[in-house]
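Just below is one structure, and these are the notes that go with it.
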Amino acid sequence: HSKWNWQAWLVEFWVYAAPLLAWDILAPRRHGKLGAFGPPTTMGILGRITGALLMYDMCFFCGHWLMHKIPWLYRTVHSKHHITKEVRACEIVRLSIPEEVLEVGFSIVALNVLGVHPIARTIYNAIITFLLTELHCGFDFPWTPQNVIPFGLATGSRRHHYHHRIGKHYYQKFFHHVDRLFGCFQKDDGSLDGDSVRADAYIPPSWRRPVHGV
């Protein structure tokens with residue numbers, strides 16, 4: 001069990017929120033930009049949110065892969081997130097300060113590059129918060145993305161749980177197409193690019209088997 005407690009929650013909240021609050025006070029950028037956006041369409045909102053999630057996920061894959069492959073980056077930036085192998089929802093804020101900056105920065109880059117409407121940004125923030133919480137919930141519900149999105153395109157709590165256990169698989173956060181493209185998933189013979197996958201007693205056998213031929 002970890003030493004996570006309410007004092008840590010208070011510290012993590014201000015580490016995350018204080019820079020954003022200070023930035024909004026010192027550089028109130030939103031008020032001047034809202035008037036530049038016209039009324040959004042439903043398809044425009046859906047398209048921009050989907051595009052932003054895909055772009056964010058691609059940026060995260062690159063950063064996440066590097067943090068696992070470069071020992072110095074892992075020790076100084078990412079190891080805090082892997083303190084425990086038992087994932088819980090609170091793990092979404094168990095990040096080092098540099099990693100928090102990267103996480104938020106990837107979203108800002110995706111939203112700004114695509115010129116996402118403020119209403120779509122609000123919906124995007126709600127969706128990404130749900131996906132992050134579900135990813136680290138440690139449960140496999142029938143309605144979770146890996147059981148709803150077809151063709152095994154969602155990473156989901158199963159694969160991310162496996163990533164926390166083993167640390168060599170599934171570097172994408174929400175989707176699975178880039179992991180497939182670069183071979184970052186468990187093969188039928190239990191290998192990953194030449195690295196053997198050690199069977200972990202804490203992972204049920206059904207979780208160690210490929211899902212939908214993956």
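Identifiers in this document derive from the order of the structure tokens: chains are assigned A, B, ..., residues are numbered from 1 separately in each chain, and ligands are numbered from 1 in order of occurrence.
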
For the contact check between range 93-137 of chain A and range 70-80 of chain A, emit one row per residue of range 93-137 of chain A within 12 Å, containing the shortest atom pair and the distance in Å rounded to one decimal, counting only C-alpha atoms, chain then rising number order, as JSON lines.
{"residue": "A:Val93", "atom": "CA", "partner": "A:Lys80", "partner_atom": "CA", "distance": 10.1}
{"residue": "A:Arg94", "atom": "CA", "partner": "A:Lys80", "partner_atom": "CA", "distance": 6.6}
{"residue": "A:Leu95", "atom": "CA", "partner": "A:Lys80", "partner_atom": "CA", "distance": 5.8}
{"residue": "A:Ser96", "atom": "CA", "partner": "A:Val77", "partner_atom": "CA", "distance": 5.8}
{"residue": "A:Ile97", "atom": "CA", "partner": "A:Val77", "partner_atom": "CA", "distance": 7.9}
{"residue": "A:Pro98", "atom": "CA", "partner": "A:Val77", "partner_atom": "CA", "distance": 6.2}
{"residue": "A:Glu99", "atom": "CA", "partner": "A:Val77", "partner_atom": "CA", "distance": 6.0}
{"residue": "A:Glu100", "atom": "CA", "partner": "A:Val77", "partner_atom": "CA", "distance": 9.4}
{"residue": "A:Val101", "atom": "CA", "partner": "A:Val77", "partner_atom": "CA", "distance": 10.6}
{"residue": "A:Leu102", "atom": "CA", "partner": "A:Val77", "partner_atom": "CA", "distance": 10.0}
{"residue": "A:Glu103", "atom": "CA", "partner": "A:His78", "partner_atom": "CA", "distance": 11.5}

Suppose we keep C-alpha atoms; can you now write the selection as a JSON list (two decimals), in the first residue's frame?
[["chain", "number", "residue", "atom", "x", "y", "z"],
["A", 93, "VAL", "CA", -2.18, 13.14, -10.17],
["A", 94, "ARG", "CA", 0.79, 11.19, -8.79],
["A", 95, "LEU", "CA", 3.20, 12.93, -11.14],
["A", 96, "SER", "CA", 6.43, 14.86, -10.85],
["A", 97, "ILE", "CA", 6.25, 18.57, -11.61],
["A", 98, "PRO", "CA", 8.00, 18.19, -15.00],
["A", 99, "GLU", "CA", 5.59, 15.43, -15.96],
["A", 100, "GLU", "CA", 2.60, 17.54, -14.92],
["A", 101, "VAL", "CA", 3.89, 20.31, -17.17],
["A", 102, "LEU", "CA", 4.26, 17.85, -20.05],
["A", 103, "GLU", "CA", 0.80, 16.38, -19.53]]

Contacts of Phe141 in chain A at 10 Å (only C-alpha atoms; same-chain gap of 6+ positions) as a PDB file with N, CA and C atoms, in the first residue's frame:
ATOM      1  N   GLU A 134     -10.768   6.534 -15.624  1.00  0.00           N
ATOM      2  CA  GLU A 134     -11.092   5.154 -15.995  1.00  0.00           C
ATOM      3  C   GLU A 134      -9.836   4.347 -16.257  1.00  0.00           C
ATOM      4  N   ASN A 147     -13.886  -2.297 -23.832  1.00  0.00           N
ATOM      5  CA  ASN A 147     -14.995  -3.213 -24.090  1.00  0.00           C
ATOM      6  C   ASN A 147     -16.072  -2.605 -24.986  1.00  0.00           C
ATOM      7  N   VAL A 148     -15.941  -1.323 -25.312  1.00  0.00           N
ATOM      8  CA  VAL A 148     -16.954  -0.628 -26.108  1.00  0.00           C
ATOM      9  C   VAL A 148     -16.419  -0.242 -27.484  1.00  0.00           C
ATOM     10  N   SER A 157      -8.339   0.205 -19.192  1.00  0.00           N
ATOM     11  CA  SER A 157      -7.751  -0.073 -17.884  1.00  0.00           C
ATOM     12  C   SER A 157      -6.958  -1.368 -17.866  1.00  0.00           C
ATOM     13  N   ARG A 158      -7.382  -2.375 -18.658  1.00  0.00           N
ATOM     14  CA  ARG A 158      -6.666  -3.655 -18.678  1.00  0.00           C
ATOM     15  C   ARG A 158      -5.226  -3.465 -19.126  1.00  0.00           C
TER      16      ARG A 158
END

Distance in Å - CA of Pro142 in chain A versus CA of Phe130 in chain A: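 These two atoms are separated by 15.5 Å.
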
Using only C-alpha atoms, pick whichever of A:Val116, A:Cys90, A:Lys69, A:Met58 has the shortest atom-to-atom distance to Leu46 in chain A.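 Using only C-alpha atoms, the shortest distance to Leu46 in chain A belongs to A:Val116.
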
Based on the backbone DSSP call, show me all residues of range 59-90 of chain A assigned helix (DSSP H, G or I), as a PyMOL selection string. chain A and resi 59-69+71-82+89-90

Can I get the selection written as a short mmCIF file (atom, residue, chain, number, x, y, z; two decimals), in the first residue's frame, with N, CA, C and O atoms?
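In the end it all went to out27.cif:
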data_model
loop_
_atom_site.label_atom_id
_atom_site.label_comp_id
_atom_site.auth_asym_id
_atom_site.auth_seq_id
_atom_site.Cartn_x
_atom_site.Cartn_y
_atom_site.Cartn_z
N CYS A 59 1.35 12.66 -28.93
CA CYS A 59 2.39 13.39 -28.18
C CYS A 59 2.75 12.64 -26.91
O CYS A 59 3.93 12.50 -26.57
N PHE A 60 1.71 12.11 -26.23
CA PHE A 60 1.97 11.39 -24.99
C PHE A 60 2.76 10.11 -25.25
O PHE A 60 3.66 9.76 -24.48
N PHE A 61 2.44 9.40 -26.34
CA PHE A 61 3.18 8.19 -26.67
C PHE A 61 4.67 8.49 -26.81
O PHE A 61 5.51 7.77 -26.25
N CYS A 62 4.99 9.55 -27.54
CA CYS A 62 6.41 9.89 -27.76
C CYS A 62 7.10 10.21 -26.45
O CYS A 62 8.19 9.69 -26.15
N GLY A 63 6.47 11.07 -25.63
CA GLY A 63 7.07 11.43 -24.36
C GLY A 63 7.16 10.26 -23.40
O GLY A 63 8.18 10.06 -22.72
N HIS A 64 6.10 9.46 -23.35
CA HIS A 64 6.04 8.32 -22.44
C HIS A 64 7.08 7.26 -22.83
O HIS A 64 7.76 6.69 -21.96
N TRP A 65 7.20 6.99 -24.12
CA TRP A 65 8.18 6.01 -24.60
C TRP A 65 9.59 6.46 -24.23
O TRP A 65 10.41 5.64 -23.76
N LEU A 66 9.89 7.72 -24.44
CA LEU A 66 11.23 8.23 -24.12
C LEU A 66 11.51 8.13 -22.62
O LEU A 66 12.62 7.78 -22.20
N MET A 67 10.50 8.42 -21.79
CA MET A 67 10.70 8.36 -20.35
C MET A 67 10.98 6.94 -19.87
O MET A 67 11.66 6.73 -18.86
N HIS A 68 10.46 5.95 -20.59
CA HIS A 68 10.72 4.56 -20.21
C HIS A 68 12.03 4.04 -20.80
O HIS A 68 12.63 3.12 -20.25
N LYS A 69 12.46 4.60 -21.91
CA LYS A 69 13.66 4.10 -22.58
C LYS A 69 14.94 4.80 -22.13
O LYS A 69 16.03 4.26 -22.30
N PRO A 71 16.94 5.96 -19.00
CA PRO A 71 16.92 5.76 -17.54
C PRO A 71 16.90 7.07 -16.74
O PRO A 71 16.19 7.17 -15.74
N TRP A 72 17.66 8.07 -17.17
CA TRP A 72 17.69 9.33 -16.42
C TRP A 72 16.32 10.00 -16.41
O TRP A 72 15.87 10.50 -15.38
N LEU A 73 15.65 10.00 -17.57
CA LEU A 73 14.32 10.58 -17.63
C LEU A 73 13.34 9.81 -16.76
O LEU A 73 12.48 10.40 -16.08
N TYR A 74 13.46 8.48 -16.77
CA TYR A 74 12.56 7.68 -15.95
C TYR A 74 12.75 8.00 -14.47
O TYR A 74 11.77 8.21 -13.74
N ARG A 75 14.00 8.05 -14.03
CA ARG A 75 14.28 8.29 -12.60
C ARG A 75 13.82 9.68 -12.16
O ARG A 75 13.23 9.83 -11.09
N THR A 76 14.09 10.68 -12.97
CA THR A 76 13.86 12.05 -12.54
C THR A 76 12.46 12.58 -12.86
O THR A 76 12.00 13.52 -12.21
N VAL A 77 11.81 11.99 -13.86
CA VAL A 77 10.53 12.54 -14.31
C VAL A 77 9.37 11.59 -14.08
O VAL A 77 8.31 11.99 -13.57
N HIS A 78 9.53 10.30 -14.42
CA HIS A 78 8.38 9.41 -14.52
C HIS A 78 8.24 8.40 -13.39
O HIS A 78 7.17 7.83 -13.20
N SER A 79 9.31 8.17 -12.63
CA SER A 79 9.27 7.08 -11.65
C SER A 79 8.23 7.31 -10.56
O SER A 79 7.68 6.34 -10.00
N LYS A 80 7.92 8.56 -10.25
CA LYS A 80 6.91 8.84 -9.22
C LYS A 80 5.57 8.23 -9.58
O LYS A 80 4.83 7.75 -8.71
N HIS A 81 5.24 8.22 -10.86
CA HIS A 81 3.96 7.66 -11.31
C HIS A 81 3.92 6.15 -11.17
O HIS A 81 2.84 5.55 -11.16
N HIS A 82 5.09 5.52 -11.05
CA HIS A 82 5.16 4.06 -10.96
C HIS A 82 5.60 3.60 -9.58
O HIS A 82 6.17 2.52 -9.44
N ALA A 89 -7.40 5.43 -9.07
CA ALA A 89 -7.73 6.68 -9.75
C ALA A 89 -6.81 7.81 -9.33
O ALA A 89 -6.50 8.71 -10.12
N CYS A 90 -6.32 7.79 -8.09
CA CYS A 90 -5.46 8.88 -7.62
C CYS A 90 -4.12 8.90 -8.33
O CYS A 90 -3.39 9.90 -8.25
#

Contacts of Asp179 in chain A at 12 Å (only C-alpha atoms; same-chain gap of 5+ positions) as a ChimeraX atom specification: /A:57-58,60-62,64-65,152-155,159,163,168-174,184-187,192-193,214

Between CA of Phe151 in chain A and CA of Phe175 in chain A, what is the spacing in Å?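 Atom-to-atom, CA of Phe175 in chain A to CA of Phe151 in chain A, that is 11.0 Å.
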
Compile the contact shell of Gly44 in chain A as a ChimeraX atom specification: residues with an atom at most 12 Å away, counting only C-alpha atoms, same-chain residues fewer than 2 positions apart removed. /A:38-42,46-52,114-121

Counting only C-alpha atoms, which residue out of A:Pro145, A:Ala126, A:Met55, A:Lys85 sits closest to Ile108 in chain A?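 The shortest atom-to-atom distance to Ile108 in chain A comes from A:Met55.
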